[in-house]
Structures are given as structure tokens and as C-alpha cells.
Amino acid sequence: MIIKNANLITFEKPNRILANSSILIKNGKINQINKGGFLIDKFPKEDVIDAQGQYVMPGNICAHTHFYGAFARGMAIPCDAPANFPEILDKLWWKLDKSLDYEAVYYSALVCMIDAIKHGTTTLIDHHSSPNAIEGSLDEIARAVSETGVRASLCYEVTDRNGSDKAQAGIRENIRFITKTKNHNQNGKLFTSFGLHASLTLSKKTLEKAKEAVPADSGFHIHVAEHPIDEYDSINKSGKRVVERLYDHGILGPRTIVVHAVHIDAKELFLLKDTGTWVSHQPRSNMNNAVGLPVVESMMNAGVKVCLGNDGFSNAMWQEWKATYLAHKLWNADPRRMGANIVIQMGVYNNAKLVKQLTDGLEVGVIKEGAEADLIFVDYKPITPLYPENLPWHIIFGFRDSMVTTTIVDGKVLMNDREMVNIDECEINEKARKIAMNVWEMYAKQF
């Protein structure tokens with residue numbers, strides 16, 4: 001197709017904003033970029049989309065999410081409210097995931113992907129758990145990926161908290177899906193990692209089995225030091241802090257994502273840096289769980305590769321960007337902290353590098369010739385001058401997720417002028433509400 005009359009935000013390094021430009025897309029990739037319009041008669045067989053002066057930019061990327069948590073929205077906890085993070089795990093998440101059957105797994109993923117499309121997020125890295133529906137659960141999520149058209153990395157969360165048999169089932173599900181996806185990756189639409197819950201729910205034996213099972217070219221996706229309990233548990237088990245323990249088991253590396261890293265110390269920070277391990281930051285989740293905030297700026301100054309995820313919050317990633325910008329100023333009582341340029345480094349450039357690493361070269365998060373045609377149209381009309389240099393602050397203070405009008409992935413239009421393409425959102429939502437009631441009923445029975 002040809003996209004014409006577009007103001008392009010390329011997110012190259014350095015970034016460029018190209019007024020009144022056109023893009024030619026072929027075979028799911030950006031084939032040509034032109035200042036001004038292409039001659040339509042030069043490409044008579046191409047569909048033409050008129051951006052009508054909107055900003056066209058790369059789709060957003062989420063470095064860590066939980067599709068399985070979708071049905072927690074509005075769900076009541078039938079007991080005293082959790083007083084701390086361990087109680088949140090026990091009273092909410094570890095009962096909710098046990099309430100999911102295969103149909104709930106599929107629909108929870110489906111509604112999250114629709115939410116992502118509507119709000120401009122085109123690539124998501126998921127971390128799944130459904131202890132009573134393990135084998136084949138990743139196929140259900142992959143079905144939703146195929147039907148919606150987004151890009152996603154999938155894994156199953158291995159844990160010992162439900163017994164050794166289910167821990168082994170989780171290991172098998174990861175390996176089965178990694179093997180299957182290598183042979184059928186849907187043109188880069190599906191990619192994988194090996195999921196682990198957290199050090200605090202993993203025994204030495206299970207970590208050893210996971211490391212033995214994982215292919216040499218795959219990495220892990222694991223929560224790390226979200227709360228001090230993870231560190232104390234690791235010290236009790238191994239005499240070492242979490243990152244050190246994971247290092248000893250060979251879990252860290254350039255294809256591994258550690259999530260949160262709120263309570264790591266200096267030695268752990270440099271272990272992450274030296275091993276090339278990625279860190280995903282989720283400030284909305286950290287605030288919601290009252291666990292504190294990681295030293296993101298120090299990590300980045302030391303060379304740790306920090307990305308942005310959402311931990312299962314809404315897939316409107318600009319909300320996560322804004323929360324990052326504000327939360328660290330408040331946490332540090334210093335308005336000079338966490339500039340918008342640092343937020344963009346995480347949310348755009350580092351997230352894109354992460355996907356490129358996990359997919360052996362997929363170019364997303366950028367508009368340039370040869371990159372994937374994962375694009376969004378944004379109906380933003382700036383009231384002050386907008387340049388590449390001040391764009392990060394325009395996004396933080398001016399952009400709204402509701403301004404996304406069109407979403408394109410792999411050169412295919414998934415939403416056009418705020419209307420979903422080939423997806424009946426109303427029908428899916430109606431079905432999801434019925435499934436949610438069943439999930440809530442199963443959840444309540446565990447109290």
C-alpha cells in the first residue's frame with residue numbers, strides 16, 4: 001500500500017520528523033519513504049491510504065505484560081484488602097490464575113490485544129500463567145495473536161507453588177511452544193522466551209531443570225526483586241541475593257528479561273550489566289503494589305538495558321510513559337529526575353532493541369526503509385512548535401492514546417479510522433463478560 005499526506009516521526013537515531021511525506025509498503029515492510037507524494041500512476045496496483053496530515057509513527061512496544069490478568073478488572077476480593085505485596089500475590093493473582101480454563105485464557109488474551117490495537121501498541125511480550133490449563137495454553141494465546149494480527153512473544157510461567165508436577169508441565173509447555181514457533185513463526189508475528197515466575201517460588205531443582213531444558217538460543221523471562229521478600233527468600237535458599245542466584249544457575253544473558261528489579265543492590269546491578277540482561281520497568285504496577293521504584297537512571301548510567309512494560313495494566317503504553325516521567329520525580333522528591341528523553345530511550349529505542357535481540361533481527365519501532373511496517377496514525381494537532389528535540393515532552397504532555405486512529409502491523413490494517421478491521425469487538429466483549437463471571441465464581445470459591 002501507499003500511505004500519503006503523512007507527517008512522519010521516524011524514531012531513527014537521530015530522530016526525524018518528515019512533513020508531507022509518503023511511505024510505500026511491500027511484503028509487510030517499509031519499501032520506500034518519499035518527501036511529498038508518490039505518483040499514483042507509478043504504482044497503479046497499490047492501495048492508497050490518506051493520512052490527512054496526521055502523524056505517522058512506529059507502533060508502541062510493551063516489554064512485559066500479563067494477558068491472563070484481564071479479568072481482574074472490577075473483580076472484588078472477598079476478604080480484607082491485601083496489606084502488602086505477598087498478600088496481593090496470595091489473595092489476588094495466585095487465585096485468579098487458578099480460575100482460568102482454556103476458553104478464559106484465549107479471551108483474556110483477545111481482549112488485551114484489541115485494547116493494544118486501539119491504543120497504538122503493536123508488539124507485546126507476554127508472561128502467562130494458568131495452573132489448571134497448562135498444556136496447550138500458549139496455543140490459545142497464539143490463536144488470539146493470529147486472529148488480531150499483533151506481534152507477541154509468549155512464554156509460560158514456571159513455578160513450584162502448585163507442586164512439582166505442574167512445574168514440570170510448565171517446563172514442557174515452554175519447550176513445546178518454543179520448538180513449534182521456530183517452525184511456524186508467522187513472519188515474525190510470534191516469538192518466544194522461557195517463562196519463570198520468580199526466585200521466591202522456584203527451587204534449585206526446578207531452576208536446574210529449566211536451564212537444562214531451554215535451547216541455547218533462547219532466554220528467560222522472570223520477575224526479580226519486585227519486593228524485599230524475593231531477596232530474603234533467595235538468601236535463605238542459597239546464601240545469595242536473587243540476581244546472584246540466577247547468575248549461578250545460568251539464567252541471565254542477552255536474551256533474558258528480568259522484570260521490576262526494584263530491590264536489587266549494586267552488585268546485582270552490575271551482574272545484569274555484565275551479562276547483557278534486559279530489565280523491564282513497570283511504574284504503574286510498582287505504585288499500585290506499593291513496592292517502591294527501581295533506580296532506573298542509575299541502571300541506565302551503568303549500562304543496564306532498561307525497557308518499559310505494563311505488567312498487565314492497560315496496553316496504552318503512553319500512559320506508562322507518563323507514569324514513568326512523574327513517578328520518579330515524586331519518589332526522588334526532585335523535578336529534575338527522569339527527563340522525557342530518558343523515558344523515550346526506554347519506551348522506544350531500548351524496547352525496539354529488545355525485540356530485535358529476541359527475534360534475531362526484526363526491525364520494529366522505527367520508520368526506515370527495510371523496517372517492519374508496524375505503524376500508527378496519531379491525530380495530534382500541536383499548539384506549540386514540534387521538533388525532534390522537544391517531541392518527548394510533546395508526547396508526555398500532549399499525546400493521548402485516544403488520538404490513535406489507525407493501526408497497521410506487518411503492512412496490514414488492523415484498525416482504520418478508529419474502527420477495528422475484521423474483528424467484532426462488541427461480540428468479543430459480550431462473550432468475555434460472560435466468561436469473566438465464570439472466572440470470578442471460580443476465584444471466589446478459593447476463599
# chains A, B, ... in the order shown; residues from 1 in each chain; ligands from 1
$ select_by_dssp --residues "region 73-286 of chain A" --states "strand (DSSP E or B)" --output "PyMOL selection string"
chain A and resi 121-126+128+151-154+156+158+190-192+194-198+220-224+257-260+278-281
$ closest_atom_pairs --of "region 181-234 of chain A" --to "region 272-292 of chain A" --cutoff "9 Å" --atoms "only C-alpha atoms" --output "CSV"
residue,atom,partner,partner_atom,distance
A:Glu226,CA,A:Val291,CA,6.7
A:His227,CA,A:Val291,CA,5.8
A:Pro228,CA,A:Val291,CA,8.4
$ residues_around --residues "Lys381 (chain A)" --least-positions-apart "3" --cutoff "10 Å" --atoms "only C-alpha atoms" --output "VMD selection string"
chain A and resid 53 to 55 378 384 386 398 to 399 403
$ write_last_selection --atoms "C-alpha atoms" --output "PDB file, in the first residue's frame"
ATOM      1  CA  GLY A  53      -1.793  15.282   7.716  1.00  0.00           C
ATOM      2  CA  GLN A  54      -1.766  13.054  10.810  1.00  0.00           C
ATOM      3  CA  TYR A  55       1.472  11.989  12.439  1.00  0.00           C
ATOM      4  CA  VAL A 378      -1.943   9.897  15.541  1.00  0.00           C
ATOM      5  CA  THR A 384       3.295  24.867  20.024  1.00  0.00           C
ATOM      6  CA  LEU A 386       7.099  20.425  17.496  1.00  0.00           C
ATOM      7  CA  GLY A 398       0.186  16.387  24.691  1.00  0.00           C
ATOM      8  CA  PHE A 399      -0.312  12.945  23.159  1.00  0.00           C
ATOM      9  CA  MET A 403      -5.606  10.124  19.336  1.00  0.00           C
TER      10      MET A 403
END
$ residues_around --residues "Ala63 (chain A)" --least-positions-apart "4" --cutoff "10 Å" --atoms "only C-alpha atoms" --output "PyMOL selection string"
chain A and resi 123-126+152-153+257+259+278-282+306-311+346-347+350-352+354-355
$ closest_residue --among "A:Ile30, A:Leu271, A:Ala81, A:Ala266" --to "Val409 (chain A)" --atoms "only C-alpha atoms"
A:Ile30
$ residues_around --residues "Ala371 (chain A)" --least-positions-apart "4" --cutoff "9 Å" --atoms "only C-alpha atoms" --output "PyMOL selection string"
chain A and resi 28-31+362-367
